[in-house]
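Visitor: Dropping the structure in here first, questions after.
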Amino acid sequence: ETAGSAEKANTENAQTSVNAEDSWIGWHNDSGFLTALAGDIFVNDETGEILDRAIIDPAAGLYAVDRGGNTVKVSIPEDCMAVQIGECTQIVTGGAVIATPHCVRGGGLAGGGLAGNGVDTDAKPAVRVARISLPCFIDTGPTFRLCLPTGCSPDQAIGSGVGSAKVPPLADRWTDGITFGDFLTNTFEMYYDWAKKT
């Protein structure tokens with residue numbers, strides 16, 4: 001996830017496509033090792049005032065693909081932190097744990113207080129909603145080699161994943177022994193091209 005200013009920059013686009021499944025942050029797997037993520041904070045985009053979650057569109061927030069291939073909403077309680085497995089951990093464990101495709105859906109106020117075009121539909125003052133997120137990415141240096149455990153095949157590591165058409169295939173970005181830096185380069189390039197297709 002990107003936080004703060006990047007999401008604020010996306011707020012205007014999100015408000016005009018509030019129903020898009022991944023309108024704030026597109027579908028992706030975390031490519032590193034682990035990501036720790038605190039619960040969402042929604043704010044008034046213009047004033048920075050924290051908004052009560054009860055008034056936020058309940059469809060807004062984090063979504064993931066479960067092991068059955070279904071898209072599910074993820075709600076992290078305010079006093080908790082979630083940990084997301086990244087693709088590097090999937091690789092070095094031979095698929096014992098797997099990365100999960102996820103995205104962030106934008107939204108306005110619950111009940112449609114702010115229409116997608118910014119027009120107030122309920123005669124309340126229009127509020128542009130922004131999301132604050134605090135991810136902590138746990139990665140390694142760029143020269144670290146992403147190798148499978150002894151006795152594990154690439155098919156075991158890759159085949160154990162969720163396998164969603166929402167993200168570029170891991171097999172197209174990783175080969176056994178590639179450095180973390182090269183893997184990230186491959187990943188960024190492929191995601192850029194992937195986004196242009198959708």
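A note on labels: chains of the structure tokens are A, B, ... as shown, every chain counts residues from 1, and ligands are counted from 1 in their shown order.
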Among region 60-158 of chain A, which residues does DSSP mark as strand (DSSP E) when it is run on the backbone? Keep the chain and numbering as in the structure and answer as a ChimeraX atom specification.
Guide: /A:61-65,71-74,81-85,102-105,129-132,135-138
Visitor: Please identify all polymer residues within 8 Å of Ile56 (chain A), counting only C-alpha atoms, omitting same-chain residues fewer than 5 positions from it, and present them as JSON, numbers by chain.
Guide: {"A": [42, 51, 107, 108, 109, 110]}
Visitor: Provide the CA of Asp22 (chain A) to CA of Ala157 (chain A) distance in Å, to one decimal place.
Guide: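 These two atoms are separated by 27.0 Å.
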Visitor: Can you check which residues of region 77-112 of chain A DSSP gives as alpha helix (DSSP H) on the backbone and send them as a PyMOL selection string?
Guide: chain A and resi 87-92
Visitor: Let's have the selection written as a PDB file, in the first residue's frame, with C-alpha atoms.
Guide:
```pdb
ATOM      1  CA  GLU A  87       5.981 -13.187  -2.605  1.00  0.00           C
ATOM      2  CA  CYS A  88       9.588 -13.458  -1.390  1.00  0.00           C
ATOM      3  CA  THR A  89       8.407 -15.343   1.697  1.00  0.00           C
ATOM      4  CA  GLN A  90       6.324 -17.609  -0.544  1.00  0.00           C
ATOM      5  CA  ILE A  91       9.458 -18.355  -2.584  1.00  0.00           C
ATOM      6  CA  VAL A  92      11.949 -18.958   0.253  1.00  0.00           C
TER       7      VAL A  92
END
```
Visitor: My list of candidates is A:Ser31, A:Val167, A:Val104, A:Gly161. Which is closest to Phe183 (chain A) when distances are computed with only C-alpha atoms?
Guide: A:Ser31
Visitor: So which one's closest to Gly69 (chain A), A:Pro101, A:Ala36, A:Pro154, A:Arg173? Using only C-alpha atoms, please.
Guide: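 Among A:Pro101, A:Ala36, A:Pro154, A:Arg173, it is A:Pro101 that comes nearest to Gly69 (chain A).
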Visitor: Given only C-alpha atoms as the basis, pick out the residue of A:Asp176, A:Glu21, A:Asp57, A:Asp182 nearest to Val72 (chain A).
Guide: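 Comparing A:Asp176, A:Glu21, A:Asp57, A:Asp182 against Val72 (chain A), the winner is A:Glu21.
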Visitor: Determine, counting only C-alpha atoms, which protein, DNA and RNA residues have an atom within 12 Å of an atom of Asn186 (chain A); residues of the same chain fewer than 3 positions away are not included. Present the result as a tab-separated table (two decimals) with N, CA and C atoms, in the first residue's frame.
Guide:
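File selection_17.tsv, as written:
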```
chain	number	residue	atom	x	y	z
A	31	SER	N	5.45	-7.75	-2.95
A	31	SER	CA	6.54	-8.50	-3.55
A	31	SER	C	7.67	-8.78	-2.58
A	168	PRO	N	-0.02	-10.17	-12.07
A	168	PRO	CA	0.87	-10.87	-13.00
A	168	PRO	C	1.40	-12.16	-12.39
A	169	PRO	N	1.51	-13.22	-13.17
A	169	PRO	CA	1.98	-14.51	-12.64
A	169	PRO	C	3.40	-14.42	-12.07
A	170	LEU	N	3.60	-15.01	-10.91
A	170	LEU	CA	4.90	-15.04	-10.28
A	170	LEU	C	5.93	-15.74	-11.17
A	171	ALA	N	5.52	-16.76	-11.87
A	171	ALA	CA	6.43	-17.52	-12.74
A	171	ALA	C	7.01	-16.66	-13.86
A	172	ASP	N	6.35	-15.57	-14.21
A	172	ASP	CA	6.84	-14.68	-15.27
A	172	ASP	C	7.82	-13.63	-14.74
A	173	ARG	N	7.99	-13.57	-13.41
A	173	ARG	CA	8.84	-12.53	-12.81
A	173	ARG	C	10.00	-13.08	-12.00
A	174	TRP	N	9.96	-14.35	-11.65
A	174	TRP	CA	10.95	-14.93	-10.75
A	174	TRP	C	11.54	-16.21	-11.34
A	175	THR	N	12.83	-16.38	-11.16
A	175	THR	CA	13.52	-17.64	-11.43
A	175	THR	C	14.38	-17.94	-10.21
A	178	ILE	N	17.37	-15.67	-8.51
A	178	ILE	CA	17.38	-14.26	-8.92
A	178	ILE	C	17.56	-13.38	-7.68
A	179	THR	N	18.22	-12.23	-7.84
A	179	THR	CA	18.36	-11.34	-6.69
A	179	THR	C	17.05	-10.62	-6.41
A	180	PHE	N	16.91	-10.19	-5.18
A	180	PHE	CA	15.72	-9.43	-4.78
A	180	PHE	C	15.57	-8.18	-5.64
A	181	GLY	N	16.68	-7.49	-5.91
A	181	GLY	CA	16.63	-6.28	-6.74
A	181	GLY	C	16.14	-6.56	-8.14
A	182	ASP	N	16.64	-7.62	-8.76
A	182	ASP	CA	16.20	-7.98	-10.12
A	182	ASP	C	14.74	-8.43	-10.12
A	183	PHE	N	14.35	-9.15	-9.06
A	183	PHE	CA	12.95	-9.58	-8.95
A	183	PHE	C	12.03	-8.35	-8.87
A	189	GLU	N	8.11	-3.67	-13.71
A	189	GLU	CA	7.89	-3.59	-15.16
A	189	GLU	C	6.63	-4.35	-15.57
A	190	MET	N	6.45	-5.54	-15.02
A	190	MET	CA	5.29	-6.34	-15.40
A	190	MET	C	3.99	-5.73	-14.89
A	191	TYR	N	4.01	-5.19	-13.65
A	191	TYR	CA	2.79	-4.56	-13.13
A	191	TYR	C	2.42	-3.34	-13.95
A	192	TYR	N	3.43	-2.58	-14.39
A	192	TYR	CA	3.14	-1.41	-15.22
A	192	TYR	C	2.45	-1.83	-16.50
A	193	ASP	N	2.98	-2.85	-17.17
A	193	ASP	CA	2.36	-3.34	-18.40
A	193	ASP	C	1.00	-3.96	-18.12
A	194	TRP	N	0.87	-4.65	-16.98
A	194	TRP	CA	-0.39	-5.31	-16.60
A	194	TRP	C	-1.48	-4.27	-16.41
```
Visitor: Skipping near chain neighbours, those fewer than 6 positions away, what residues fall within 8 Å of Gly61 (chain A) using only C-alpha atoms, listed as a PyMOL selection string?
Guide: chain A and resi 40+73-75+104-107
